[in-house]
Amino acid sequence: MFKSAKSWFLIILVFIVLVFFLAPNIFNSSESNAFSDDVRLKHAIENYNISNLPDSVTVKAGSYYRKGAFHTLFYGEKYRDLWDTPVKVKVLDVNEFEGGIKGEELGGGMQTIGLDMVSGEGYSYDLRSVNKDQSKALLPWLQYSYARLMFRDQVVAMNPYASVVIPTLAEAIDIMHSHPMLVFVPYDSTMQENFSEAMAGRLAILEERPDETWVNTPRFSHAEQIMDTEDMFLMAREENISIDTAMFLRARLFDILISDWDRHEGQWEWALIRNADSRFFQPIPKDRDMAFYKFDEGLLSSVALIINPKFQSFRKEYNDIAALTSNSDKLDRDLLGNYSELKQFKSQAAFIKSSLSDNIIEKAFQQYPPEIFEKVGPEHIQILISRRDMLTEAARDFYDALQEK
């Protein structure tokens, strides 16, 4: 009996190894091609050479994510249709943009491919791929397993065109912001080798990188200095500089409005502003990759939400505000912990509600590429209007969550 059980255990173990580790690395030609830098670069050289390209091209954000009904039963449909929709986008000509722009060094986060760039006028920019590789968040040995396929697939919870909607909304409520542009990066033999190897053939977002190159410019309120969160706190303590916590609260309520759950300390820069005889720090939110997130589809996603509910979705009704804001727990406590009255949360919610008219919301979503607006624009307008109208209740939930923490 013992030998029989041991045999079955070994059979099951071998089966798990075969399915979980070997199969994903053997039967994976579509995945391999989709994430291969060699394949992408070769395709860019053959089809997207800047020397014979028009001003715009029609491309897809990620056709790899189009899957069948069985797959979506477990992983959800989410934004697969948007990733697979061809859109017409402007070709980035690095020699023409802002007096010429060049790559300085590889940038981006763990999952994002990107370049830190500088314009001919000396301003810093980020060029980030729209597509991500979320498998990079896995432990190295798991990146050779089926978990790699699962994590890569969850990119479809992200709206690939969310960032271009944000500026119109942020402007209306007086929050500082960058100006993301959707571009296609061609192959350009005149550029540095690392530029072509990293970015050629990619759909990307090009936007200002708030740093010292942008000080004393109207783009970021003529800031005297721009710094990250750690340096801001250090300087605020050493020089007794106040922090505009009311503006930070407004920015956090805006995060809730657009269902942007990923707002940790690294997602902010801070502008040092001088007003008459005082100085204070104002927040500059950045990196809107998770705005309008849609995760709550598919059987496995339902299980994941039970384990980690922070992945809240962009729906007409708010669900779990405490979970939605959990990634920013420490920063929220540090900056909003002294707010002892609910009226301050309600006041900022009221300002956002009165500032974001139906017309402004519609104008914001019209920044989608026309092909994308046709598919989801009207739906997203109605969702945001609904969330705007219920923002006071969401602000109360946010306040209650902070009190509990």
# chains A, B, ... in the order shown; residues from 1 in each chain; ligands from 1
$ residues_around --residues "Gly120 (chain A)" --least-positions-apart "2" --cutoff "9 Å" --atoms "only C-alpha atoms" --output "PyMOL selection string"
chain A and resi 97-102+118+122-123
$ closest_atom_pairs --of "region 262-299 of chain A" --to "region 146-169 of chain A" --cutoff "10 Å" --atoms "only C-alpha atoms" --output "JSON lines"
{"residue": "A:Lys286", "atom": "CA", "partner": "A:Ser163", "partner_atom": "CA", "distance": 9.7}
{"residue": "A:Asp287", "atom": "CA", "partner": "A:Ser163", "partner_atom": "CA", "distance": 7.9}
{"residue": "A:Arg288", "atom": "CA", "partner": "A:Ser163", "partner_atom": "CA", "distance": 5.4}
{"residue": "A:Asp289", "atom": "CA", "partner": "A:Ser163", "partner_atom": "CA", "distance": 6.5}
{"residue": "A:Met290", "atom": "CA", "partner": "A:Met158", "partner_atom": "CA", "distance": 5.9}
{"residue": "A:Ala291", "atom": "CA", "partner": "A:Ala162", "partner_atom": "CA", "distance": 5.9}
{"residue": "A:Phe292", "atom": "CA", "partner": "A:Asn159", "partner_atom": "CA", "distance": 6.4}
{"residue": "A:Tyr293", "atom": "CA", "partner": "A:Met158", "partner_atom": "CA", "distance": 5.3}
{"residue": "A:Lys294", "atom": "CA", "partner": "A:Ala157", "partner_atom": "CA", "distance": 4.9}
{"residue": "A:Phe295", "atom": "CA", "partner": "A:Ala157", "partner_atom": "CA", "distance": 5.0}
{"residue": "A:Asp296", "atom": "CA", "partner": "A:Ala157", "partner_atom": "CA", "distance": 8.6}
{"residue": "A:Glu297", "atom": "CA", "partner": "A:Ala157", "partner_atom": "CA", "distance": 9.0}
$ residues_around --residues "Glu317 (chain A)" --least-positions-apart "2" --cutoff "8 Å" --atoms "only C-alpha atoms" --output "PyMOL selection string"
chain A and resi 315+319+386-387+390
$ residues_around --residues "region 174-179 of chain A" --least-positions-apart "5" --cutoff "7 Å" --atoms "only C-alpha atoms" --output "ChimeraX atom specification"
/A:167,207-208,220,251,284-286
$ write_last_selection --atoms "C-alpha atoms" --output "PDB file, in the first residue's frame"
ATOM      1  CA  PRO A 167      -4.242  65.626 -18.449  1.00  0.00           C
ATOM      2  CA  GLU A 207       6.192  62.473 -21.477  1.00  0.00           C
ATOM      3  CA  GLU A 208       8.088  64.949 -19.367  1.00  0.00           C
ATOM      4  CA  PHE A 220       5.329  72.660 -13.291  1.00  0.00           C
ATOM      5  CA  ALA A 251      -4.819  64.156  -5.773  1.00  0.00           C
ATOM      6  CA  ILE A 284       3.210  65.946  -8.941  1.00  0.00           C
ATOM      7  CA  PRO A 285       1.505  62.584  -9.559  1.00  0.00           C
ATOM      8  CA  LYS A 286       3.190  60.522 -12.275  1.00  0.00           C
TER       9      LYS A 286
END
$ select_by_dssp --residues "region 74-307 of chain A" --states "helix (DSSP H, G or I)" --output "number ranges by chain"
A: 74-75, 80-83, 97-99, 134-137, 140-144, 146-157, 162-164, 166-172, 193-199, 212-214, 218-220, 229-239, 245-257, 265-267, 299-307
$ select_by_dssp --residues "region 192-396 of chain A" --states "strand (DSSP E)" --output "PyMOL selection string"
chain A and resi 202-208+225-228+242-243+268-275+278-285
$ closest_residue --among "A:Leu336, A:Leu356, A:Leu82, A:Val215" --to "Tyr368 (chain A)" --atoms "only C-alpha atoms"
A:Leu82
$ atom_distance --atom1 "CA of Pro309 (chain A)" --atom2 "CA of Pro180 (chain A)"
28.8 Å
$ closest_residue --among "A:Met191, A:Ile50, A:Leu73, A:Ile372" --to "Val87 (chain A)" --atoms "only C-alpha atoms"
A:Ile372
$ atom_distance --atom1 "CA of Asp228 (chain A)" --atom2 "CA of Ala170 (chain A)"
20.0 Å
$ residues_around --residues "region 257-263 of chain A" --least-positions-apart "3" --cutoff "7 Å" --atoms "only C-alpha atoms" --output "ChimeraX atom specification"
/A:253-254,267,290-293,310-314,324-325,327-328,387-388,391
$ write_last_selection --atoms "N, CA and C atoms" --output "mmCIF file, in the first residue's frame"
data_model
loop_
_atom_site.group_PDB
_atom_site.id
_atom_site.type_symbol
_atom_site.label_atom_id
_atom_site.label_comp_id
_atom_site.auth_asym_id
_atom_site.auth_seq_id
_atom_site.Cartn_x
_atom_site.Cartn_y
_atom_site.Cartn_z
ATOM 1 N N LEU A 253 -7.936 61.683 -3.876
ATOM 2 C CA LEU A 253 -9.335 61.458 -4.236
ATOM 3 C C LEU A 253 -9.472 61.289 -5.748
ATOM 4 N N PHE A 254 -8.629 61.980 -6.482
ATOM 5 C CA PHE A 254 -8.616 61.790 -7.937
ATOM 6 C C PHE A 254 -8.143 60.384 -8.294
ATOM 7 N N GLN A 267 5.642 56.982 -6.956
ATOM 8 C CA GLN A 267 4.766 57.478 -8.018
ATOM 9 C C GLN A 267 4.523 58.982 -7.916
ATOM 10 N N MET A 290 -1.905 52.461 -14.300
ATOM 11 C CA MET A 290 -2.974 51.670 -13.687
ATOM 12 C C MET A 290 -4.324 52.395 -13.650
ATOM 13 N N ALA A 291 -4.421 53.553 -14.259
ATOM 14 C CA ALA A 291 -5.696 54.261 -14.286
ATOM 15 C C ALA A 291 -6.723 53.458 -15.085
ATOM 16 N N PHE A 292 -7.985 53.518 -14.640
ATOM 17 C CA PHE A 292 -9.099 52.812 -15.288
ATOM 18 C C PHE A 292 -8.852 51.296 -15.328
ATOM 19 N N TYR A 293 -8.261 50.789 -14.282
ATOM 20 C CA TYR A 293 -7.899 49.369 -14.189
ATOM 21 C C TYR A 293 -9.155 48.497 -14.221
ATOM 22 N N LYS A 310 -6.546 44.696 -3.466
ATOM 23 C CA LYS A 310 -6.162 46.046 -3.891
ATOM 24 C C LYS A 310 -6.419 46.292 -5.378
ATOM 25 N N PHE A 311 -6.560 45.231 -6.172
ATOM 26 C CA PHE A 311 -6.726 45.390 -7.616
ATOM 27 C C PHE A 311 -8.173 45.752 -7.954
ATOM 28 N N GLN A 312 -8.618 46.897 -7.493
ATOM 29 C CA GLN A 312 -9.996 47.327 -7.694
ATOM 30 C C GLN A 312 -10.206 47.808 -9.128
ATOM 31 N N SER A 313 -11.416 47.613 -9.625
ATOM 32 C CA SER A 313 -11.706 47.869 -11.032
ATOM 33 C C SER A 313 -12.491 49.159 -11.249
ATOM 34 N N PHE A 314 -12.362 49.680 -12.445
ATOM 35 C CA PHE A 314 -13.037 50.899 -12.879
ATOM 36 C C PHE A 314 -14.469 50.547 -13.274
ATOM 37 N N LEU A 324 -8.430 49.699 -2.357
ATOM 38 C CA LEU A 324 -7.980 50.509 -3.488
ATOM 39 C C LEU A 324 -6.843 51.437 -3.091
ATOM 40 N N THR A 325 -6.856 51.925 -1.876
ATOM 41 C CA THR A 325 -5.847 52.893 -1.424
ATOM 42 C C THR A 325 -4.707 52.263 -0.620
ATOM 43 N N ASN A 327 -2.032 50.523 -1.329
ATOM 44 C CA ASN A 327 -0.650 50.620 -1.783
ATOM 45 C C ASN A 327 0.025 51.909 -1.321
ATOM 46 N N SER A 328 -0.793 52.880 -0.932
ATOM 47 C CA SER A 328 -0.257 54.163 -0.486
ATOM 48 C C SER A 328 -0.469 54.374 1.004
ATOM 49 N N ARG A 387 -18.956 57.631 -10.997
ATOM 50 C CA ARG A 387 -17.999 57.665 -9.896
ATOM 51 C C ARG A 387 -17.843 59.093 -9.358
ATOM 52 N N ARG A 388 -17.856 60.066 -10.267
ATOM 53 C CA ARG A 388 -17.801 61.462 -9.816
ATOM 54 C C ARG A 388 -18.974 61.783 -8.896
ATOM 55 N N LEU A 391 -18.499 60.494 -5.390
ATOM 56 C CA LEU A 391 -17.168 60.707 -4.823
ATOM 57 C C LEU A 391 -17.224 61.125 -3.354
#
$ atom_distance --atom1 "CA of Ser242 (chain A)" --atom2 "CA of Lys330 (chain A)"
18.4 Å
$ residues_around --residues "Ala44 (chain A)" --least-positions-apart "5" --cutoff "8 Å" --atoms "only C-alpha atoms" --output "ChimeraX atom specification"
/A:49,186-187,200-201
$ residues_around --residues "Phe365 (chain A)" --least-positions-apart "4" --cutoff "7 Å" --atoms "only C-alpha atoms" --output "list in words"
Val165, Ile361, Gly377 and Ile381 of chain A
